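Okay, upload-v3.cif is below, mmCIF, C-alpha atoms and all ligand atoms:
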```
data_data
loop_
_atom_site.label_atom_id
_atom_site.label_comp_id
_atom_site.auth_asym_id
_atom_site.auth_seq_id
_atom_site.Cartn_x
_atom_site.Cartn_y
_atom_site.Cartn_z
CA MET A 144 -38.86 21.27 32.78
CA THR A 145 -40.87 23.96 30.99
CA ILE A 146 -39.32 25.50 27.91
CA HIS A 147 -40.61 28.77 26.48
CA THR A 148 -37.48 30.12 24.83
CA VAL A 149 -34.44 28.33 23.42
CA LEU A 150 -31.18 30.16 22.82
CA VAL A 151 -29.53 28.45 19.84
CA THR A 152 -25.94 29.46 19.09
CA GLY A 153 -24.48 28.96 15.62
CA GLY A 154 -27.97 28.57 14.19
CA ALA A 155 -27.01 30.07 10.83
CA GLY A 156 -24.64 27.18 10.11
CA PHE A 157 -25.34 23.75 8.67
CA ILE A 158 -26.66 21.69 11.60
CA GLY A 159 -27.94 24.66 13.61
CA SER A 160 -30.20 25.86 10.79
CA ASN A 161 -31.63 22.37 10.28
CA PHE A 162 -32.22 22.09 14.03
CA ILE A 163 -34.01 25.46 14.27
CA ARG A 164 -36.29 24.35 11.43
CA HIS A 165 -36.92 21.09 13.31
CA LEU A 166 -37.81 22.91 16.56
CA LEU A 167 -40.16 25.36 14.84
CA ALA A 168 -41.92 22.49 13.06
CA ASN A 169 -42.36 20.39 16.20
CA TYR A 170 -42.70 22.77 19.18
CA ASN A 171 -44.19 26.11 20.03
CA TYR A 172 -40.95 27.54 21.42
CA ASP A 173 -39.55 31.01 20.88
CA ILE A 174 -36.07 30.78 19.43
CA ILE A 175 -33.20 33.22 19.67
CA ASN A 176 -30.45 32.46 17.18
CA LEU A 177 -27.11 33.98 18.25
CA ASP A 178 -24.64 33.71 15.40
CA LYS A 179 -21.54 35.70 14.47
CA LEU A 180 -22.04 35.03 10.75
CA THR A 181 -18.51 33.88 10.05
CA TYR A 182 -17.79 32.65 6.51
CA ALA A 183 -19.79 29.51 7.48
CA GLY A 184 -22.87 31.33 8.75
CA ASN A 185 -25.51 32.05 6.14
CA LEU A 186 -28.95 33.54 6.77
CA GLU A 187 -30.13 32.02 3.49
CA ASN A 188 -30.09 28.69 5.40
CA LEU A 189 -33.10 30.00 7.36
CA ALA A 190 -34.82 32.12 4.71
CA ASP A 191 -37.98 29.97 4.91
CA VAL A 192 -38.45 30.57 8.67
CA ALA A 193 -37.07 34.11 9.01
CA GLY A 194 -40.60 35.59 9.05
CA ASP A 195 -41.85 33.23 11.79
CA GLN A 196 -43.00 35.31 14.81
CA ARG A 197 -41.32 32.83 17.16
CA TYR A 198 -37.86 33.26 15.60
CA ARG A 199 -35.36 36.05 16.34
CA PHE A 200 -31.86 36.47 14.95
CA VAL A 201 -29.08 38.26 16.85
CA GLN A 202 -25.73 38.75 15.19
CA GLY A 203 -23.04 38.35 17.83
CA ASP A 204 -20.06 36.39 19.09
CA ILE A 205 -20.40 33.71 21.79
CA GLY A 206 -17.09 35.03 23.11
CA ASP A 207 -18.65 38.45 23.76
CA ALA A 208 -19.74 38.28 27.41
CA GLU A 209 -21.86 41.41 27.17
CA VAL A 210 -24.09 40.04 24.40
CA VAL A 211 -24.25 36.59 25.95
CA ARG A 212 -25.17 37.92 29.42
CA GLU A 213 -27.95 39.99 27.92
CA LEU A 214 -29.51 37.06 26.04
CA MET A 215 -29.05 34.25 28.55
CA PRO A 216 -31.74 35.40 31.07
CA GLN A 217 -34.27 35.45 28.20
CA ALA A 218 -33.85 31.70 27.62
CA ASP A 219 -34.89 28.54 29.49
CA ALA A 220 -32.66 26.26 27.44
CA VAL A 221 -29.48 26.60 25.39
CA VAL A 222 -28.46 24.48 22.41
CA SER A 223 -24.91 25.35 21.49
CA PHE A 224 -23.66 24.65 17.97
CA ALA A 225 -21.46 27.74 17.48
CA ALA A 226 -17.95 26.66 16.60
CA GLU A 227 -15.22 26.85 14.06
CA SER A 228 -15.93 23.44 12.53
CA HIS A 229 -13.52 22.61 9.70
CA VAL A 230 -10.47 20.44 10.41
CA ASP A 231 -8.46 21.73 7.41
CA ARG A 232 -8.92 25.35 8.53
CA SER A 233 -7.80 24.40 12.05
CA ILE A 234 -4.56 23.06 10.53
CA GLU A 235 -4.04 26.42 8.74
CA ASP A 236 -5.02 28.66 11.67
CA PRO A 237 -5.70 27.00 15.07
CA GLY A 238 -6.08 30.27 17.04
CA THR A 239 -9.65 31.07 15.99
CA PHE A 240 -10.66 27.57 17.10
CA ILE A 241 -9.36 28.19 20.63
CA GLN A 242 -11.12 31.54 20.65
CA THR A 243 -14.57 30.19 19.72
CA ASP A 244 -14.64 26.49 20.59
CA VAL A 245 -12.84 26.83 23.94
CA TYR A 246 -13.17 30.44 25.15
CA GLY A 247 -16.59 31.06 23.55
CA THR A 248 -17.95 27.89 25.17
CA PHE A 249 -16.63 29.12 28.53
CA VAL A 250 -18.42 32.50 28.11
CA LEU A 251 -21.71 30.71 27.42
CA LEU A 252 -21.32 28.39 30.40
CA ASP A 253 -20.35 31.23 32.71
CA ALA A 254 -23.44 33.23 31.73
CA ALA A 255 -25.63 30.10 32.04
CA ARG A 256 -24.51 29.41 35.61
CA ARG A 257 -25.57 32.94 36.60
CA SER A 258 -28.97 32.48 34.97
CA ASP A 259 -31.98 30.24 35.41
CA ILE A 260 -31.16 27.86 32.59
CA GLU A 261 -33.02 24.54 32.78
CA ARG A 262 -30.93 22.73 30.19
CA PHE A 263 -27.67 23.39 28.36
CA LEU A 264 -27.22 21.04 25.41
CA HIS A 265 -23.66 21.23 24.13
CA ILE A 266 -22.76 19.89 20.68
CA SER A 267 -19.36 18.22 20.87
CA THR A 268 -18.03 15.73 18.28
CA ASP A 269 -16.83 12.13 17.82
CA GLU A 270 -13.40 13.61 17.06
CA VAL A 271 -12.70 14.11 20.78
CA TYR A 272 -11.91 10.36 20.98
CA GLY A 273 -9.26 10.61 18.26
CA GLN A 274 -9.07 7.94 15.57
CA SER A 275 -10.32 4.36 16.00
CA ILE A 276 -7.66 1.73 15.53
CA GLY A 277 -8.69 -1.57 13.90
CA ASP A 278 -12.24 -2.42 14.92
CA GLN A 279 -12.26 -0.15 17.99
CA ARG A 280 -15.68 1.50 18.58
CA PHE A 281 -15.74 4.28 21.13
CA LYS A 282 -18.08 4.31 24.13
CA GLU A 283 -18.98 7.44 26.06
CA ASP A 284 -16.55 6.83 28.93
CA ASP A 285 -13.53 6.22 26.69
CA PRO A 286 -10.66 8.73 27.09
CA PHE A 287 -10.20 11.82 24.91
CA ARG A 288 -7.30 11.59 22.45
CA PRO A 289 -7.98 14.44 19.98
CA ARG A 290 -5.44 14.68 17.15
CA SER A 291 -6.25 17.84 15.15
CA PRO A 292 -6.33 21.42 16.46
CA TYR A 293 -10.10 21.39 15.77
CA ALA A 294 -10.64 18.18 17.76
CA ALA A 295 -8.46 19.45 20.62
CA SER A 296 -10.45 22.71 20.77
CA LYS A 297 -13.73 20.79 20.85
CA ALA A 298 -12.33 18.56 23.61
CA GLY A 299 -11.29 21.68 25.56
CA GLY A 300 -14.79 23.10 25.18
CA GLU A 301 -16.44 19.87 26.25
CA LEU A 302 -14.21 19.45 29.30
CA GLN A 303 -15.40 22.82 30.56
CA VAL A 304 -19.00 21.68 30.16
CA HIS A 305 -18.26 18.72 32.46
CA ALA A 306 -16.45 21.00 34.90
CA PHE A 307 -19.43 23.37 35.09
CA ARG A 308 -21.66 20.39 35.85
CA GLU A 309 -19.40 19.15 38.65
CA THR A 310 -18.67 22.58 40.11
CA TYR A 311 -21.89 24.56 39.68
CA ASP A 312 -24.41 21.77 39.09
CA LEU A 313 -25.25 23.29 35.70
CA PRO A 314 -27.91 21.14 33.97
CA VAL A 315 -25.80 20.11 30.97
CA VAL A 316 -26.19 17.34 28.39
CA ILE A 317 -23.57 16.62 25.74
CA ALA A 318 -23.96 15.26 22.21
CA ARG A 319 -21.02 13.66 20.37
CA PRO A 320 -22.22 13.33 16.77
CA ALA A 321 -20.61 11.60 13.80
CA ASN A 322 -20.12 13.26 10.36
CA ASN A 323 -23.37 14.89 9.29
CA ILE A 324 -24.53 15.21 5.71
CA GLY A 325 -27.56 16.94 4.25
CA PRO A 326 -28.84 20.31 3.01
CA TYR A 327 -27.09 23.65 3.74
CA GLN A 328 -23.60 22.26 4.53
CA TYR A 329 -20.86 24.72 3.59
CA PRO A 330 -19.07 23.28 0.54
CA GLU A 331 -15.63 23.15 2.21
CA LYS A 332 -16.80 19.85 3.73
CA ALA A 333 -16.19 16.67 1.74
CA VAL A 334 -19.68 15.61 0.65
CA PRO A 335 -20.96 19.00 -0.62
CA LEU A 336 -17.53 19.76 -2.08
CA PHE A 337 -17.40 16.49 -4.04
CA THR A 338 -21.05 16.78 -5.07
CA ILE A 339 -20.85 20.34 -6.36
CA ASN A 340 -17.54 19.68 -8.14
CA ALA A 341 -19.10 16.64 -9.82
CA ILE A 342 -22.15 18.67 -10.89
CA GLU A 343 -19.74 21.22 -12.40
CA ASP A 344 -17.54 18.50 -14.03
CA GLU A 345 -14.60 19.69 -11.93
CA PRO A 346 -12.03 17.29 -10.36
CA LEU A 347 -12.83 15.69 -6.98
CA PRO A 348 -9.78 16.08 -4.66
CA VAL A 349 -9.60 12.90 -2.56
CA TYR A 350 -6.97 13.00 0.21
CA GLY A 351 -4.34 10.23 0.22
CA GLU A 352 -5.84 7.06 -1.20
CA GLY A 353 -9.38 7.79 0.01
CA LEU A 354 -9.32 4.91 2.49
CA GLN A 355 -10.21 6.85 5.64
CA ILE A 356 -13.57 5.90 7.15
CA ARG A 357 -16.33 8.19 8.40
CA ASP A 358 -19.82 7.37 9.67
CA ARG A 359 -22.33 9.42 7.64
CA LEU A 360 -25.28 10.65 9.70
CA TYR A 361 -28.19 12.34 7.89
CA VAL A 362 -28.78 15.73 9.50
CA ASP A 363 -32.52 15.12 10.15
CA ASP A 364 -31.66 11.94 12.06
CA HIS A 365 -29.17 13.99 14.06
CA CYS A 366 -31.83 16.65 14.79
CA LYS A 367 -34.16 13.94 16.10
CA ALA A 368 -31.41 12.79 18.48
CA LEU A 369 -30.75 16.35 19.68
CA ASP A 370 -34.49 16.82 20.25
CA LEU A 371 -34.46 13.74 22.52
CA LEU A 372 -31.40 14.96 24.40
CA LEU A 373 -32.87 18.42 24.90
CA HIS A 374 -35.99 16.96 26.47
CA GLU A 375 -34.95 13.61 27.92
CA GLY A 376 -31.14 13.43 28.10
CA GLU A 377 -29.80 12.66 31.56
CA LEU A 378 -28.09 15.64 33.14
CA GLY A 379 -24.30 15.47 33.15
CA GLU A 380 -24.25 12.68 30.55
CA ALA A 381 -22.62 12.55 27.12
CA TYR A 382 -24.25 10.66 24.23
CA ASN A 383 -22.62 9.31 21.08
CA ILE A 384 -24.76 9.88 17.97
CA SER A 385 -23.71 7.57 15.18
CA ALA A 386 -25.74 6.03 12.40
CA GLY A 387 -23.73 2.88 11.64
CA ASN A 388 -23.18 4.16 8.06
CA GLU A 389 -19.39 3.74 7.98
CA ARG A 390 -17.82 4.00 4.53
CA THR A 391 -14.40 4.89 3.08
CA ASN A 392 -14.10 8.27 1.38
CA ILE A 393 -13.59 6.61 -1.99
CA GLU A 394 -16.87 4.69 -1.56
CA VAL A 395 -18.58 8.01 -0.78
CA VAL A 396 -17.10 9.63 -3.89
CA LYS A 397 -18.16 6.73 -6.12
CA THR A 398 -21.68 6.87 -4.69
CA ILE A 399 -21.91 10.60 -5.51
CA LEU A 400 -20.66 9.99 -9.06
CA ASP A 401 -23.15 7.13 -9.50
CA ILE A 402 -26.10 9.25 -8.34
CA LEU A 403 -25.10 12.09 -10.66
CA GLU A 404 -24.14 9.72 -13.51
CA LYS A 405 -20.66 11.26 -13.74
CA PRO A 406 -17.42 9.41 -14.65
CA THR A 407 -14.72 8.23 -12.20
CA SER A 408 -12.21 10.11 -14.38
CA LEU A 409 -13.17 13.19 -12.28
CA ILE A 410 -11.43 11.64 -9.24
CA ARG A 411 -7.98 12.98 -8.25
CA PHE A 412 -5.86 11.61 -5.42
CA VAL A 413 -4.19 14.63 -3.80
CA GLU A 414 -1.68 15.22 -1.01
CA ASP A 415 -3.17 14.04 2.28
CA ARG A 416 -4.43 16.16 5.21
CA LEU A 417 -1.78 16.50 7.96
CA GLY A 418 -2.42 14.11 10.87
CA HIS A 419 -5.44 12.68 9.02
CA ASP A 420 -7.59 10.54 11.37
CA GLU A 421 -8.06 7.11 9.75
CA ARG A 422 -11.43 6.26 11.14
CA TYR A 423 -14.17 7.40 13.50
CA SER A 424 -16.40 4.71 14.96
CA MET A 425 -18.75 4.88 17.95
CA GLU A 426 -21.30 2.76 19.82
CA ALA A 427 -24.70 4.47 19.90
CA THR A 428 -26.32 2.15 22.46
CA LYS A 429 -26.91 4.91 24.99
CA ILE A 430 -28.89 7.25 22.70
CA ARG A 431 -30.76 4.28 21.22
CA ALA A 432 -31.84 3.33 24.76
CA LEU A 433 -33.63 6.71 24.89
CA GLY A 434 -35.67 5.56 21.88
CA TRP A 435 -33.63 7.07 19.05
CA SER A 436 -33.43 5.41 15.65
CA THR A 437 -32.38 6.64 12.23
CA ASP A 438 -34.66 6.95 9.19
CA HIS A 439 -31.77 7.02 6.69
CA ASP A 440 -29.30 4.27 5.86
CA PHE A 441 -26.17 5.19 3.89
CA ASP A 442 -27.81 5.03 0.46
CA ALA A 443 -30.88 7.04 1.47
CA ALA A 444 -28.76 9.67 3.22
CA MET A 445 -26.48 10.06 0.20
CA GLU A 446 -29.31 10.09 -2.32
CA LYS A 447 -31.24 12.82 -0.48
CA THR A 448 -28.10 14.89 0.09
CA VAL A 449 -26.73 14.74 -3.44
CA ASN A 450 -30.15 15.43 -4.97
CA TRP A 451 -30.59 18.46 -2.71
CA TYR A 452 -27.37 20.08 -4.01
CA ARG A 453 -28.30 19.13 -7.58
CA ASP A 454 -31.65 20.92 -7.12
CA HIS A 455 -30.39 23.96 -5.15
CA ARG A 456 -27.80 25.60 -7.33
CA GLU A 457 -29.22 28.99 -6.23
CA TRP A 458 -28.02 28.21 -2.67
CA TRP A 459 -24.44 27.19 -3.44
CA GLU A 460 -23.56 29.35 -6.46
CA PRO A 461 -23.25 32.62 -4.46
CA ILE A 462 -21.13 30.88 -1.81
CA ARG A 463 -18.69 29.49 -4.37
CA SER A 464 -18.01 32.92 -5.84
CA GLY A 465 -16.86 34.66 -2.64
CA GLU A 466 -14.37 33.81 0.15
CA TYR A 467 -14.71 30.19 -0.84
CA ARG A 468 -12.87 30.69 -4.16
CA GLU A 469 -9.76 32.03 -2.39
CA TYR A 470 -9.91 29.26 0.18
CA TYR A 471 -10.28 26.63 -2.55
CA GLU A 472 -7.31 27.92 -4.50
CA ARG A 473 -5.14 28.05 -1.37
CA MET A 474 -6.17 24.57 -0.24
CA TYR A 475 -6.34 22.73 -3.57
CA GLY A 476 -4.53 24.73 -6.29
CA ARG A 477 -1.09 23.14 -5.94
CA ARG A 478 -2.45 19.81 -4.74
CA LEU A 479 -4.64 19.40 -7.82
CA ALA A 480 -1.82 20.43 -10.15
CA GLU A 481 0.30 17.60 -8.68
CA ALA A 482 -2.56 15.07 -8.37
CA LYS A 483 -2.89 11.54 -9.70
CA PRO A 484 -6.06 10.72 -11.68
CA TYR A 485 -8.06 7.73 -10.44
CA GLU A 486 -7.29 5.44 -13.40
CA GLU A 487 -3.51 6.10 -13.19
CA ALA A 488 -3.44 5.47 -9.41
CA GLY A 489 -5.05 2.08 -10.09
P1 LIG B 501 -20.89 25.24 10.60
O1 LIG B 501 -19.46 25.65 10.43
O2 LIG B 501 -21.72 24.96 9.41
O3 LIG B 501 -21.65 26.37 11.43
C1 LIG B 501 -21.08 27.01 12.53
C2 LIG B 501 -21.93 28.25 12.83
O4 LIG B 501 -21.38 28.86 14.01
C3 LIG B 501 -21.90 29.30 11.73
O5 LIG B 501 -23.19 29.79 11.49
C4 LIG B 501 -20.99 30.39 12.28
O6 LIG B 501 -21.29 31.68 11.79
C5 LIG B 501 -21.26 30.26 13.77
N1 LIG B 501 -20.14 30.76 14.59
C6 LIG B 501 -18.82 30.48 14.45
N2 LIG B 501 -18.11 31.14 15.39
C7 LIG B 501 -19.02 31.81 16.15
C8 LIG B 501 -18.90 32.66 17.28
N3 LIG B 501 -17.71 32.95 17.81
N4 LIG B 501 -20.04 33.18 17.81
C9 LIG B 501 -21.25 32.91 17.28
N5 LIG B 501 -21.41 32.12 16.19
C10 LIG B 501 -20.30 31.58 15.64
O7 LIG B 501 -20.85 24.00 11.61
P2 LIG B 501 -21.79 22.71 11.65
O8 LIG B 501 -21.23 21.71 10.73
O9 LIG B 501 -23.18 23.11 11.56
O10 LIG B 501 -21.46 22.20 13.13
C11 LIG B 501 -22.23 22.66 14.22
C12 LIG B 501 -21.65 22.10 15.50
O11 LIG B 501 -21.67 20.68 15.45
C13 LIG B 501 -20.21 22.49 15.78
O12 LIG B 501 -20.05 22.68 17.16
C14 LIG B 501 -19.42 21.27 15.31
O13 LIG B 501 -18.19 21.19 16.02
C15 LIG B 501 -20.36 20.16 15.67
N6 LIG B 501 -20.27 18.94 14.86
C16 LIG B 501 -20.42 19.01 13.51
C17 LIG B 501 -20.42 17.82 12.77
C18 LIG B 501 -20.57 17.83 11.27
O14 LIG B 501 -20.46 16.78 10.66
N7 LIG B 501 -20.85 18.95 10.63
C19 LIG B 501 -20.26 16.59 13.41
C20 LIG B 501 -20.07 16.58 14.79
C21 LIG B 501 -20.09 17.75 15.51
O1 LIG B 502 -16.76 13.48 12.71
C1 LIG B 502 -17.37 14.69 13.02
C2 LIG B 502 -16.67 15.82 12.30
O2 LIG B 502 -16.97 15.66 10.93
C3 LIG B 502 -17.13 17.18 12.78
O3 LIG B 502 -16.78 17.35 14.13
C4 LIG B 502 -16.49 18.30 11.93
O4 LIG B 502 -17.03 19.56 12.29
C5 LIG B 502 -16.82 18.02 10.47
O5 LIG B 502 -16.16 18.98 9.66
C6 LIG B 502 -16.39 16.61 10.07
O6 LIG B 502 -14.95 16.48 10.08
P1 LIG B 502 -14.16 15.64 8.94
O7 LIG B 502 -12.76 16.12 8.89
O8 LIG B 502 -14.37 14.19 9.09
O9 LIG B 502 -15.01 16.11 7.64
P2 LIG B 502 -14.56 16.60 6.20
O10 LIG B 502 -15.80 16.77 5.41
O11 LIG B 502 -13.59 17.74 6.25
O12 LIG B 502 -13.76 15.34 5.64
C7 LIG B 502 -14.37 14.07 5.56
C8 LIG B 502 -13.36 13.08 5.03
O13 LIG B 502 -13.06 13.40 3.65
C9 LIG B 502 -12.02 13.13 5.76
O14 LIG B 502 -11.46 11.83 5.83
C10 LIG B 502 -11.15 14.01 4.87
C11 LIG B 502 -11.67 13.69 3.48
N1 LIG B 502 -11.58 14.80 2.50
C12 LIG B 502 -12.08 16.01 2.87
C13 LIG B 502 -12.04 17.07 2.00
C14 LIG B 502 -12.58 18.42 2.41
C15 LIG B 502 -11.04 14.59 1.25
O15 LIG B 502 -10.60 13.47 0.92
N2 LIG B 502 -10.98 15.65 0.39
C16 LIG B 502 -11.45 16.89 0.70
O16 LIG B 502 -11.36 17.81 -0.14
#
```

Will you turn the file into structure tokens for me?
Amino acid sequence: MTIHTVLVTGGAGFIGSNFIRHLLANYNYDIINLDKLTYAGNLENLADVAGDQRYRFVQGDIGDAEVVRELMPQADAVVSFAAESHVDRSIEDPGTFIQTDVYGTFVLLDAARRSDIERFLHISTDEVYGQSIGDQRFKEDDPFRPRSPYAASKAGGELQVHAFRETYDLPVVIARPANNIGPYQYPEKAVPLFTINAIEDEPLPVYGEGLQIRDRLYVDDHCKALDLLLHEGELGEAYNISAGNERTNIEVVKTILDILEKPTSLIRFVEDRLGHDERYSMEATKIRALGWSTDHDFDAAMEKTVNWYRDHREWWEPIRSGEYREYYERMYGRRLAEAKPYEEAG
């Protein structure tokens, strides 16, 4: 396989922007970044590489067949991140998730099968398996049991990727990553939200009793795994990407407060997310067999992440003053007014 040009979709978001930076630092590829710039897309995430001759930004929707069909023949490989990505927003408004995560994925695949694409790396999620019960750890051939509108949309998108492999022999590889943390994550997501609120001495809204478990994967470790899959992943195969950093949400919150030397009195237990998945847990044997390992355990991943937000106020301050404010009020206003402080909840 010879790659000259990679079409990255959703490259102005959290993981996509980190991955573009990773590719530019490690390869001499040309990169086309196709991104709609939804509320989650932010060109500031790529300000340091915007002037690189090898990088080109195109504002557009992956659901727009005209744009996609124009760009696809210019690429040898596709890495597809573009998605509506936040579970809480999918509970409020599932339709946009179907539009992008299902239909948009179809438009990309349909253009790819008509083009000379050598590799189509699709970014799925661990949420397609649904929640782990007890000590269940998902393997790649376990069934899909998505439980949120977001997870169901991602499962719908991924199923089409498999279908295009079976039907058209499209050279696809699929990544199923765990919860990423790191720089440039939109502060609707738990770790940047808790961190920035703590920096600002604002309450930290923990859903339910904070006992749900997520596996925290540092975004650079994730990018290393995607790099391997782009170059060495077996066609038609899906790969779990999990770090083995499973912690409850309340442990995560306490770690953030410790790093920032802030008091636990900032914690509030608020009304839970509807249909909240208790735990995600996956085996990562298959990706490790390709030679992947992580450089960040839980503490290192949290330390780097929290310190980045502490040191990059200029990145998050403009975001918090716009659409985010309205979203935050809608999502947390009543919940916080009715919340229990940490000490009272025991
Ligand atoms: P993000 O929300 O930060 O970024 C998504 C990007 O996609 C944004 O730049 C947005 O503008 C763009 N986008 C949205 N709709 C689009 C459309 N119709 N056309 C073109 N661009 C569009 O998301 P993220 O956290 O970086 O996640 C990237 C991918 O990884 C997603 O597919 C997500 O489902 C998956 N994933 C994320 C995580 C995580 O922890 N963040 C874990 C597992 C899987
Ligand atoms: O597991 C992979 C998934 O991780 C990705 O596919 C999604 O795109 C990504 O958003 C993430 O989904 P989660 O729902 O796990 O992430 P989120 O940051 O929204 O929430 C993490 C945990 O924290 C979850 O148990 C809900 C809880 N939470 C979240 C928020 C926003 C709170 O307790 N309070 C909050 O305010």

Give the residues close to ligand LIG 502 (chain B), within 8 Å, counting all atoms listed in the file; write them as a ChimeraX atom specification.
/A:227-231,267-270,293-294,320-323,331-334,336-337,347-351,353-358,392,415-416,419-423,475

Counting all atoms listed in the file, which residues in chain A sit no more than 7 Å from ligand LIG 501 (chain B)? For each one, give the nearest pair of atoms and the distance in Å, sorted by chain then residue number, as CSV.
```
residue,atom,partner,partner_atom,distance
A:Thr152,CA,B:LIG501,N5,6.0
A:Gly153,CA,B:LIG501,O4,3.5
A:Gly154,CA,B:LIG501,O5,5.6
A:Ala155,CA,B:LIG501,O5,3.9
A:Gly156,CA,B:LIG501,O5,3.3
A:Phe157,CA,B:LIG501,O9,3.7
A:Ile158,CA,B:LIG501,O9,3.8
A:Gly159,CA,B:LIG501,O9,5.4
A:Leu177,CA,B:LIG501,C9,6.0
A:Asp178,CA,B:LIG501,N5,3.7
A:Lys179,CA,B:LIG501,C9,4.0
A:Leu180,CA,B:LIG501,O6,3.6
A:Thr181,CA,B:LIG501,O6,3.9
A:Tyr182,CA,B:LIG501,O6,6.4
A:Ala183,CA,B:LIG501,C3,4.7
A:Gly184,CA,B:LIG501,O5,3.2
A:Asn185,CA,B:LIG501,O5,6.3
A:Gly203,CA,B:LIG501,C9,5.8
A:Asp204,CA,B:LIG501,N4,3.5
A:Ile205,CA,B:LIG501,N4,4.0
A:Gly206,CA,B:LIG501,N3,5.7
A:Phe224,CA,B:LIG501,C12,4.1
A:Ala225,CA,B:LIG501,O4,3.6
A:Ala226,CA,B:LIG501,C6,4.5
A:Glu227,CA,B:LIG501,C6,5.1
A:Ser228,CA,B:LIG501,O1,4.7
A:His229,CA,B:LIG501,O1,6.7
A:Thr243,CA,B:LIG501,N3,4.6
A:Gly247,CA,B:LIG501,N3,6.1
A:Ile266,CA,B:LIG501,O12,5.2
A:Ser267,CA,B:LIG501,C21,5.4
A:Thr268,CA,B:LIG501,C21,4.0
A:Asp269,CA,B:LIG501,C20,6.3
A:Lys297,CA,B:LIG501,O13,6.6
A:Arg319,CA,B:LIG501,C20,6.4
A:Pro320,CA,B:LIG501,C20,4.4
A:Ala321,CA,B:LIG501,C19,5.0
A:Asn322,CA,B:LIG501,O14,3.5
A:Asn323,CA,B:LIG501,O14,3.7
A:Ile324,CA,B:LIG501,O14,6.6
A:Gln328,CA,B:LIG501,O2,5.9
A:Tyr329,CA,B:LIG501,O2,5.9
```

Next, the residues of the selection above should be written as a JSON list (two decimals), in the coordinates of the input with C-alpha atoms.
```json
[["chain", "number", "residue", "atom", "x", "y", "z"],
["A", 152, "THR", "CA", -25.94, 29.46, 19.09],
["A", 153, "GLY", "CA", -24.48, 28.96, 15.62],
["A", 154, "GLY", "CA", -27.97, 28.57, 14.19],
["A", 155, "ALA", "CA", -27.01, 30.07, 10.83],
["A", 156, "GLY", "CA", -24.64, 27.18, 10.11],
["A", 157, "PHE", "CA", -25.34, 23.75, 8.67],
["A", 158, "ILE", "CA", -26.66, 21.69, 11.60],
["A", 159, "GLY", "CA", -27.94, 24.66, 13.61],
["A", 177, "LEU", "CA", -27.11, 33.98, 18.25],
["A", 178, "ASP", "CA", -24.64, 33.71, 15.40],
["A", 179, "LYS", "CA", -21.54, 35.70, 14.47],
["A", 180, "LEU", "CA", -22.04, 35.03, 10.75],
["A", 181, "THR", "CA", -18.51, 33.88, 10.05],
["A", 182, "TYR", "CA", -17.79, 32.65, 6.51],
["A", 183, "ALA", "CA", -19.79, 29.51, 7.48],
["A", 184, "GLY", "CA", -22.87, 31.33, 8.75],
["A", 185, "ASN", "CA", -25.51, 32.05, 6.14],
["A", 203, "GLY", "CA", -23.04, 38.35, 17.83],
["A", 204, "ASP", "CA", -20.06, 36.39, 19.09],
["A", 205, "ILE", "CA", -20.40, 33.71, 21.79],
["A", 206, "GLY", "CA", -17.09, 35.03, 23.11],
["A", 224, "PHE", "CA", -23.66, 24.65, 17.97],
["A", 225, "ALA", "CA", -21.46, 27.74, 17.48],
["A", 226, "ALA", "CA", -17.95, 26.66, 16.60],
["A", 227, "GLU", "CA", -15.22, 26.85, 14.06],
["A", 228, "SER", "CA", -15.93, 23.44, 12.53],
["A", 229, "HIS", "CA", -13.52, 22.61, 9.70],
["A", 243, "THR", "CA", -14.57, 30.19, 19.72],
["A", 247, "GLY", "CA", -16.59, 31.06, 23.55],
["A", 266, "ILE", "CA", -22.76, 19.89, 20.68],
["A", 267, "SER", "CA", -19.36, 18.22, 20.87],
["A", 268, "THR", "CA", -18.03, 15.73, 18.28],
["A", 269, "ASP", "CA", -16.83, 12.13, 17.82],
["A", 297, "LYS", "CA", -13.73, 20.79, 20.85],
["A", 319, "ARG", "CA", -21.02, 13.66, 20.37],
["A", 320, "PRO", "CA", -22.22, 13.33, 16.77],
["A", 321, "ALA", "CA", -20.61, 11.60, 13.80],
["A", 322, "ASN", "CA", -20.12, 13.26, 10.36],
["A", 323, "ASN", "CA", -23.37, 14.89, 9.29],
["A", 324, "ILE", "CA", -24.53, 15.21, 5.71],
["A", 328, "GLN", "CA", -23.60, 22.26, 4.53],
["A", 329, "TYR", "CA", -20.86, 24.72, 3.59]]
```

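Going from atom CA of A:Thr407 over to atom CA of A:Tyr452, you cover 19.2 Å.
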
Grab all the atoms of stretch 191-209 of chain A that the file lists, wrap them in a box along x, y and z, add 4 Å per side, and give me centre plus edge lengths in Å (one decimal) as JSON.
```
{"center_x": -30.0, "center_y": 35.7, "center_z": 16.2, "size_x": 33.9, "size_y": 19.4, "size_z": 30.5}
```

Between atom CA of A:Leu313 and atom CA of A:Leu360, what is the distance in Å, rounded to a tenth?
28.9 Å

Taking all atoms listed in the file into account, which of A:Phe441, A:Thr148, A:Ala427, A:Pro346 comes nearest A:Glu389?
A:Phe441

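Closest to A:Leu378 among A:Met445, A:Val271, A:Val316, A:Ile339 is A:Val316, based on only C-alpha atoms.
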
Name the residues in contact with stretch 401-404 of chain A at a cut-off of 10 Å, using only C-alpha atoms, excluding same-chain residues fewer than 3 positions from it; report them as a PyMOL selection string.
chain A and resi 338+341-342+395-398+407+442+445-446+449-450+453

Quick one: residues within 12 Å of stretch 166-171 of chain A, all atoms listed in the file, excluding same-chain residues fewer than 6 positions away - as an NGL selection string?
:A and (145-151 or 154 or 159-160 or 189 or 191-199 or 222 or 363 or 366-367 or 369-371 or 373-374)

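Using all atoms listed in the file, the smallest distance between any of A:Glu414, A:Gly465, A:His305, A:Thr428 and A:Arg477 comes from A:Glu414.
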